[in-house]
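Trainee: Structure file structure.txt (compact mmCIF, C-alpha atoms) is given on the next line.
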# COMPACT_ATOMS: atom_id res chain seq x y z
CA MET A 1 -9.08 88.60 6.23
CA ASP A 2 -11.14 88.39 9.43
CA ILE A 3 -12.51 84.98 8.46
CA LEU A 4 -8.92 83.69 8.35
CA THR A 5 -7.71 85.17 11.61
CA SER A 6 -10.82 83.93 13.39
CA LEU A 7 -10.21 80.34 12.21
CA ILE A 8 -6.42 79.97 12.34
CA ARG A 9 -5.71 78.05 15.54
CA ASP A 10 -2.68 78.50 17.81
CA ILE A 11 -1.10 75.19 18.87
CA PRO A 12 1.47 75.74 21.64
CA ASP A 13 4.73 73.75 21.61
CA PHE A 14 4.33 72.27 18.11
CA PRO A 15 6.40 70.94 16.42
CA LYS A 16 8.64 71.57 19.42
CA LYS A 17 8.63 73.31 22.79
CA GLY A 18 8.41 77.10 22.65
CA ILE A 19 6.94 77.33 19.14
CA ILE A 20 3.33 78.42 18.67
CA PHE A 21 2.13 76.69 15.51
CA LYS A 22 -0.45 78.39 13.29
CA ASP A 23 -2.88 75.59 12.35
CA ILE A 24 -4.80 76.31 9.13
CA THR A 25 -6.85 73.08 9.12
CA PRO A 26 -9.99 74.88 10.41
CA VAL A 27 -9.64 77.22 7.41
CA LEU A 28 -9.47 74.28 4.99
CA LYS A 29 -12.55 72.70 6.56
CA SER A 30 -14.70 75.79 6.01
CA PRO A 31 -15.73 76.15 2.34
CA GLU A 32 -16.23 79.90 2.82
CA ALA A 33 -12.84 80.43 4.47
CA PHE A 34 -10.99 78.17 2.03
CA THR A 35 -12.53 79.90 -0.99
CA ALA A 36 -11.72 83.31 0.53
CA THR A 37 -8.12 82.18 1.10
CA VAL A 38 -7.56 80.88 -2.43
CA ASP A 39 -9.28 83.91 -3.98
CA GLY A 40 -7.35 86.22 -1.63
CA LEU A 41 -4.03 84.66 -2.68
CA ALA A 42 -5.05 84.97 -6.33
CA ASP A 43 -5.85 88.67 -5.80
CA LEU A 44 -2.46 89.23 -4.14
CA VAL A 45 -0.66 88.01 -7.27
CA ALA A 46 -2.99 89.53 -9.86
CA ASP A 47 -0.31 92.01 -10.97
CA MET A 48 2.43 89.36 -11.27
CA ASP A 49 3.43 87.77 -14.56
CA PHE A 50 4.03 84.02 -14.15
CA ASP A 51 3.72 80.79 -16.14
CA LEU A 52 3.68 78.16 -13.40
CA ILE A 53 2.88 77.84 -9.70
CA CYS A 54 5.38 76.03 -7.46
CA GLY A 55 4.01 74.58 -4.24
CA ILE A 56 6.17 73.36 -1.37
CA GLU A 57 5.34 69.99 0.26
CA SER A 58 2.99 69.43 1.99
CA ARG A 59 0.91 72.44 3.03
CA GLY A 60 1.98 74.41 -0.06
CA PHE A 61 0.23 71.68 -2.06
CA LEU A 62 -3.05 72.49 -0.30
CA LEU A 63 -3.08 76.07 -1.55
CA GLY A 64 -0.97 75.83 -4.71
CA THR A 65 -3.10 73.48 -6.76
CA ALA A 66 -6.34 75.30 -5.95
CA MET A 67 -4.59 78.48 -7.17
CA SER A 68 -3.40 76.60 -10.27
CA TYR A 69 -6.95 75.56 -10.96
CA THR A 70 -8.54 78.99 -10.60
CA LEU A 71 -5.69 80.87 -12.34
CA ASN A 72 -5.28 78.26 -15.12
CA ARG A 73 -1.54 77.83 -14.56
CA GLY A 74 0.41 74.58 -14.36
CA PHE A 75 1.69 73.33 -11.00
CA ILE A 76 5.16 72.04 -10.09
CA PRO A 77 5.93 70.43 -6.71
CA VAL A 78 8.96 70.94 -4.47
CA ARG A 79 9.29 67.85 -2.28
CA LYS A 80 11.35 66.26 0.44
CA PRO A 81 14.22 64.02 -0.74
CA GLY A 82 13.31 60.70 -2.33
CA LYS A 83 9.66 61.53 -2.99
CA LEU A 84 9.84 62.69 -6.63
CA PRO A 85 10.09 59.72 -9.00
CA TYR A 86 11.97 61.25 -11.95
CA ARG A 87 15.49 62.77 -12.04
CA THR A 88 15.81 65.63 -9.56
CA ILE A 89 18.02 68.49 -8.43
CA GLN A 90 18.48 69.19 -4.71
CA GLU A 91 19.01 72.23 -2.54
CA SER A 92 19.95 72.17 1.16
CA TYR A 93 19.55 74.96 3.68
CA SER A 94 20.31 75.56 7.34
CA LEU A 95 17.82 75.23 10.15
CA GLU A 96 18.28 76.26 13.76
CA TYR A 97 19.54 72.72 14.36
CA GLY A 98 20.91 70.88 11.33
CA THR A 99 19.93 71.18 7.68
CA ASN A 100 16.96 70.46 5.46
CA THR A 101 16.89 69.42 1.80
CA VAL A 102 14.26 69.89 -0.91
CA GLU A 103 14.05 68.54 -4.46
CA MET A 104 12.52 69.44 -7.79
CA HIS A 105 12.25 67.43 -11.01
CA GLU A 106 14.98 68.52 -13.40
CA ASP A 107 12.37 69.02 -16.15
CA ALA A 108 9.97 71.00 -13.93
CA VAL A 109 11.02 74.41 -15.30
CA GLU A 110 12.08 75.43 -18.80
CA PRO A 111 14.59 78.26 -19.22
CA GLY A 112 12.92 81.64 -19.08
CA GLN A 113 9.72 80.42 -17.43
CA ARG A 114 8.42 82.61 -14.64
CA ILE A 115 7.36 80.85 -11.45
CA LEU A 116 5.20 81.89 -8.49
CA ILE A 117 6.20 80.15 -5.24
CA VAL A 118 3.35 79.33 -2.81
CA ASP A 119 3.43 78.06 0.75
CA ASP A 120 1.18 78.25 3.77
CA LEU A 121 3.67 79.97 6.07
CA LEU A 122 6.62 82.35 5.79
CA ALA A 123 8.79 81.88 8.88
CA THR A 124 12.57 82.26 8.44
CA GLY A 125 12.30 81.98 4.64
CA GLY A 126 14.73 79.07 4.34
CA THR A 127 12.42 76.75 2.43
CA ALA A 128 11.15 79.48 0.11
CA HIS A 129 14.74 80.56 -0.61
CA ALA A 130 15.71 76.97 -1.44
CA ALA A 131 12.72 76.60 -3.79
CA GLY A 132 13.77 79.81 -5.54
CA ALA A 133 17.33 78.54 -5.88
CA LEU A 134 16.08 75.31 -7.53
CA ILE A 135 14.05 77.35 -10.04
CA ARG A 136 17.01 79.57 -10.91
CA ARG A 137 19.32 76.58 -11.35
CA LEU A 138 16.93 75.29 -14.04
CA GLY A 139 17.01 78.68 -15.82
CA GLY A 140 13.68 79.88 -14.49
CA VAL A 141 12.78 83.23 -12.96
CA VAL A 142 11.08 83.61 -9.58
CA ALA A 143 8.14 85.92 -10.28
CA GLY A 144 7.06 86.19 -6.65
CA TYR A 145 6.37 84.52 -3.33
CA VAL A 146 2.95 84.28 -1.70
CA PHE A 147 1.96 82.92 1.70
CA VAL A 148 -1.20 82.58 3.75
CA VAL A 149 0.53 83.48 7.03
CA GLU A 150 3.68 85.56 7.55
CA LEU A 151 5.46 85.50 10.92
CA ALA A 152 6.75 89.03 10.33
CA PHE A 153 8.85 89.07 13.54
CA LEU A 154 11.14 86.40 12.00
CA ASP A 155 12.06 88.71 9.07
CA GLY A 156 11.76 85.85 6.57
CA ARG A 157 11.23 88.23 3.65
CA ASP A 158 14.80 89.50 4.11
CA ARG A 159 15.97 86.04 2.98
CA ILE A 160 14.04 86.24 -0.33
CA PRO A 161 14.73 89.76 -1.65
CA ASP A 162 14.83 88.67 -5.31
CA ALA A 163 11.07 88.97 -5.99
CA PRO A 164 7.91 90.47 -4.46
CA VAL A 165 6.71 88.81 -1.25
CA ARG A 166 3.01 88.92 -0.32
CA SER A 167 0.97 87.37 2.48
CA LEU A 168 -2.68 87.34 3.53
CA VAL A 169 -2.18 87.48 7.31
CA GLN A 170 0.76 88.87 9.28
CA TYR A 171 1.69 88.15 12.91
CA MET B 1 -9.13 60.86 -20.68
CA ASP B 2 -6.59 60.72 -23.55
CA ILE B 3 -4.88 63.88 -22.31
CA LEU B 4 -4.19 62.09 -19.04
CA THR B 5 -2.91 58.81 -20.45
CA SER B 6 -0.65 60.68 -22.88
CA LEU B 7 0.97 62.64 -20.02
CA ILE B 8 1.19 60.12 -17.17
CA ARG B 9 4.80 58.94 -17.16
CA ASP B 10 6.02 55.44 -16.29
CA ILE B 11 9.03 55.45 -13.94
CA PRO B 12 10.55 51.94 -13.68
CA ASP B 13 11.82 50.69 -10.31
CA PHE B 14 10.35 53.52 -8.19
CA PRO B 15 10.01 53.63 -5.24
CA LYS B 16 11.64 50.17 -5.34
CA LYS B 17 12.83 47.58 -7.82
CA GLY B 18 10.10 45.93 -9.86
CA ILE B 19 7.48 48.65 -9.40
CA ILE B 20 6.49 50.85 -12.34
CA PHE B 21 5.47 54.19 -10.82
CA LYS B 22 2.77 56.27 -12.51
CA ASP B 23 4.13 59.84 -12.37
CA ILE B 24 1.39 62.49 -12.61
CA THR B 25 3.69 65.53 -12.41
CA PRO B 26 3.46 66.16 -16.19
CA VAL B 27 -0.33 66.28 -15.77
CA LEU B 28 -0.02 68.88 -12.98
CA LYS B 29 2.31 71.01 -15.10
CA SER B 30 -0.17 71.25 -17.99
CA PRO B 31 -3.02 73.68 -17.22
CA GLU B 32 -5.27 71.91 -19.74
CA ALA B 33 -4.56 68.45 -18.34
CA PHE B 34 -4.81 69.54 -14.71
CA THR B 35 -8.13 71.30 -15.29
CA ALA B 36 -9.42 68.25 -17.18
CA THR B 37 -8.35 66.02 -14.29
CA VAL B 38 -10.01 68.10 -11.56
CA ASP B 39 -13.16 68.58 -13.64
CA GLY B 40 -13.14 64.88 -14.53
CA LEU B 41 -12.93 63.88 -10.86
CA ALA B 42 -15.73 66.33 -10.04
CA ASP B 43 -17.89 64.76 -12.78
CA LEU B 44 -17.20 61.26 -11.40
CA VAL B 45 -18.66 62.23 -8.02
CA ALA B 46 -21.49 64.43 -9.27
CA ASP B 47 -24.11 61.89 -8.11
CA MET B 48 -22.57 61.46 -4.64
CA ASP B 49 -23.86 63.26 -1.55
CA PHE B 50 -20.98 64.51 0.62
CA ASP B 51 -20.15 67.37 3.00
CA LEU B 52 -16.34 67.28 3.04
CA ILE B 53 -13.44 66.09 0.91
CA CYS B 54 -10.68 64.10 2.59
CA GLY B 55 -7.29 64.11 0.84
CA ILE B 56 -4.46 61.74 1.69
CA GLU B 57 -0.92 63.16 2.07
CA SER B 58 0.77 64.17 -0.15
CA ARG B 59 -0.50 63.61 -3.66
CA GLY B 60 -4.11 63.47 -2.48
CA PHE B 61 -3.62 67.08 -1.37
CA LEU B 62 -2.81 68.07 -4.96
CA LEU B 63 -6.18 66.91 -6.25
CA GLY B 64 -8.35 67.19 -3.16
CA THR B 65 -8.08 70.91 -2.51
CA ALA B 66 -8.67 71.84 -6.15
CA MET B 67 -11.81 69.67 -5.97
CA SER B 68 -12.77 71.38 -2.69
CA TYR B 69 -12.42 74.74 -4.38
CA THR B 70 -14.49 73.93 -7.46
CA LEU B 71 -17.15 71.91 -5.59
CA ASN B 72 -17.35 74.35 -2.64
CA ARG B 73 -16.77 71.69 0.02
CA GLY B 74 -14.44 71.86 3.00
CA PHE B 75 -11.21 69.85 2.99
CA ILE B 76 -9.77 67.60 5.71
CA PRO B 77 -6.26 66.13 5.53
CA VAL B 78 -5.09 62.61 6.38
CA ARG B 79 -1.39 62.79 7.19
CA LYS B 80 1.60 60.73 8.23
CA PRO B 81 2.21 60.47 11.99
CA GLY B 82 3.42 63.58 13.80
CA LYS B 83 2.49 66.06 11.07
CA LEU B 84 -0.91 67.23 12.29
CA PRO B 85 -0.58 69.76 15.12
CA TYR B 86 -3.83 69.20 17.05
CA ARG B 87 -5.07 66.05 18.82
CA THR B 88 -5.28 63.11 16.41
CA ILE B 89 -6.53 59.58 16.00
CA GLN B 90 -4.38 56.98 14.23
CA GLU B 91 -4.94 53.97 12.02
CA SER B 92 -2.28 51.45 10.98
CA TYR B 93 -2.39 49.04 8.08
CA SER B 94 -0.20 46.31 6.61
CA LEU B 95 2.11 46.76 3.66
CA GLU B 96 3.99 44.05 1.79
CA TYR B 97 6.86 44.68 4.22
CA GLY B 98 5.93 46.20 7.60
CA THR B 99 3.11 48.59 8.42
CA ASN B 100 2.11 52.18 7.72
CA THR B 101 0.18 54.61 9.92
CA VAL B 102 -1.99 57.60 9.07
CA GLU B 103 -3.58 60.26 11.27
CA MET B 104 -6.55 62.59 11.27
CA HIS B 105 -7.45 65.44 13.62
CA GLU B 106 -10.02 64.24 16.13
CA ASP B 107 -12.25 67.24 15.27
CA ALA B 108 -11.96 66.76 11.49
CA VAL B 109 -15.34 65.04 11.15
CA GLU B 110 -18.60 65.60 13.01
CA PRO B 111 -20.96 62.65 13.57
CA GLY B 112 -23.14 62.05 10.53
CA GLN B 113 -21.01 64.04 8.10
CA ARG B 114 -20.51 62.40 4.72
CA ILE B 115 -16.95 62.37 3.38
CA LEU B 116 -15.48 61.83 -0.09
CA ILE B 117 -11.97 60.33 0.01
CA VAL B 118 -9.57 61.47 -2.74
CA ASP B 119 -6.12 60.22 -3.70
CA ASP B 120 -4.02 60.14 -6.84
CA LEU B 121 -3.65 56.36 -7.00
CA LEU B 122 -5.59 53.26 -5.98
CA ALA B 123 -3.12 50.39 -5.62
CA THR B 124 -3.82 47.79 -2.92
CA GLY B 125 -6.33 50.08 -1.18
CA GLY B 126 -4.61 50.00 2.22
CA THR B 127 -4.30 53.75 2.65
CA ALA B 128 -7.82 54.47 1.41
CA HIS B 129 -9.19 51.80 3.75
CA ALA B 130 -7.32 53.36 6.70
CA ALA B 131 -8.66 56.83 5.82
CA GLY B 132 -12.17 55.40 5.75
CA ALA B 133 -11.65 53.73 9.12
CA LEU B 134 -10.57 57.06 10.67
CA ILE B 135 -13.71 58.75 9.32
CA ARG B 136 -15.98 56.02 10.71
CA ARG B 137 -14.29 56.13 14.13
CA LEU B 138 -15.25 59.83 14.32
CA GLY B 139 -18.88 59.00 13.47
CA GLY B 140 -18.66 60.03 9.84
CA VAL B 141 -19.87 58.20 6.76
CA VAL B 142 -17.65 57.44 3.76
CA ALA B 143 -19.65 58.69 0.77
CA GLY B 144 -17.21 57.43 -1.83
CA TYR B 145 -13.64 57.04 -3.01
CA VAL B 146 -12.20 58.71 -6.11
CA PHE B 147 -8.76 58.33 -7.72
CA VAL B 148 -6.96 59.63 -10.77
CA VAL B 149 -5.28 56.29 -11.51
CA GLU B 150 -6.46 52.79 -10.58
CA LEU B 151 -4.07 49.84 -10.85
CA ALA B 152 -6.97 47.49 -11.47
CA PHE B 153 -4.77 44.36 -11.48
CA LEU B 154 -4.10 44.88 -7.74
CA ASP B 155 -7.84 44.60 -6.91
CA GLY B 156 -7.63 47.55 -4.48
CA ARG B 157 -11.35 48.22 -4.71
CA ASP B 158 -12.03 44.87 -3.03
CA ARG B 159 -10.49 46.36 0.13
CA ILE B 160 -12.95 49.31 0.20
CA PRO B 161 -16.35 47.75 -0.51
CA ASP B 162 -18.22 50.12 1.84
CA ALA B 163 -18.81 52.91 -0.69
CA PRO B 164 -18.66 53.59 -4.46
CA VAL B 165 -15.13 53.60 -5.95
CA ARG B 166 -14.44 55.65 -9.10
CA SER B 167 -11.27 56.40 -11.08
CA LEU B 168 -10.39 58.40 -14.19
CA VAL B 169 -7.79 56.02 -15.68
CA GLN B 170 -7.43 52.27 -15.19
CA TYR B 171 -4.35 50.10 -15.86
Before we go any further, please render this structure as structure tokens.

Mentor:
Amino acid sequence: MDILTSLIRDIPDFPKKGIIFKDITPVLKSPEAFTATVDGLADLVADMDFDLICGIESRGFLLGTAMSYTLNRGFIPVRKPGKLPYRTIQESYSLEYGTNTVEMHEDAVEPGQRILIVDDLLATGGTAHAAGALIRRLGGVVAGYVFVVELAFLDGRDRIPDAPVRSLVQY
Amino acid sequence: MDILTSLIRDIPDFPKKGIIFKDITPVLKSPEAFTATVDGLADLVADMDFDLICGIESRGFLLGTAMSYTLNRGFIPVRKPGKLPYRTIQESYSLEYGTNTVEMHEDAVEPGQRILIVDDLLATGGTAHAAGALIRRLGGVVAGYVFVVELAFLDGRDRIPDAPVRSLVQY
């Protein structure tokens, strides 16, 4: 994906000192690059069997619903606490400093449904793991995980060994 | 859009007492309803001339990128403060209690570009107005505003008289 690697922008010290953030906004702004990204993600999961696509707030929303549209699958959001209006279940996970919590509507997944989890970035895998845990608590099955960018040196895929993990670009 | 009105769910007292929240997550979960929504929004703007689609965090991301994909236009995000990694410009606006602020990357829009603003809901119009102001400060032109749901009794469109305002469902 040369068009992706040429457009993804390194932002030093964001969101905090010492982290080099991979900014995908130039990819979104280019119709050619955005279409190539969505189609590339769809190709990566072409062999997976899934009923719904789960996108993680907020950048997972940017990719997930475009994939939902082109693959004709429903979309379910994972959000930060207090954002989803209906009854929710929560999952917390550890960060380097402190913890983070994500939520899903309790009627988002029906037992036996197979779910593809989508996000822009695989770093340590904590958020993706928490999304998978929410799906399993509702009786669903994680069919796979797909990311635009994988920071392979952080070994995030070791945290989500329960289903195939794919990514378009690896650093 | 009967499929939309049958699936949009009323949540009383969210996010605060006295407000009836229009929950679109059942629409997102249904491939038929989601496709009808994205295609319906695309039809509503078929006569508008625009270069880019601007989606407002977070629910505007859900619709905006799917529209970007099907209409082959680039996407630019408007986000809450501190979320965008590159240099930003900010715009604040009044709420019933206090103020809210939104940001846009300073390179999101080039002078003369025409932008379509997308969000799930038009209520008082404050957020949409702020997004439009950011675009104009960068030299862009607001080509139009489009929403899934319009709470017509709040007269939000009076706050954004600078461009056509369209919506799929009105309450």

Trainee: Write out as a PyMOL selection string every residue belonging to chain A that has an atom at most 7 Å from any atom of chain B, counting only C-alpha atoms.

Mentor: chain A and resi 11+14+23+28-31+35+58+61-62+65-66+69+72-76+85-86

Trainee: Contacts of B:Asn100 at 9 Å or less, counting all atoms listed in the file, minus same-chain residues fewer than 6 places along, as a PyMOL selection string?

Mentor: chain B and resi 80+91-94+126-127

Trainee: Name all residues at most 8 Å from stretch 160-168 of chain B (count all atoms listed in the file; drop same-chain ones fewer than 5 positions away) and give them as a list in words.

Mentor: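 The residues that qualify are Met1, Thr37, Gly40, Leu41, Leu44, Val45, Gly125, Ala128, His129, Val142, Ala143, Gly144, Tyr145, Val146, Phe147, Val148, Val149 and Glu150 of chain B.
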
Trainee: What does the distance from atom CA of B:Leu122 to atom CA of A:Ile56 come to in Å, to one decimal?

Mentor: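 Answer for the atom CA of B:Leu122 to atom CA of A:Ile56 separation: 23.7 Å.
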
Trainee: To one decimal in Å, tell me the separation between atom CA of B:Glu103 and atom CA of B:Arg137.

Mentor: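 These atoms are spaced 11.8 Å apart.
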
Trainee: Show me, as an NGL selection string, the residues that have an atom within 6 Å of A:Met104 when counting all atoms listed in the file, minus same-chain residues fewer than 3 positions from it.

Mentor: :A and (78 or 88-89)
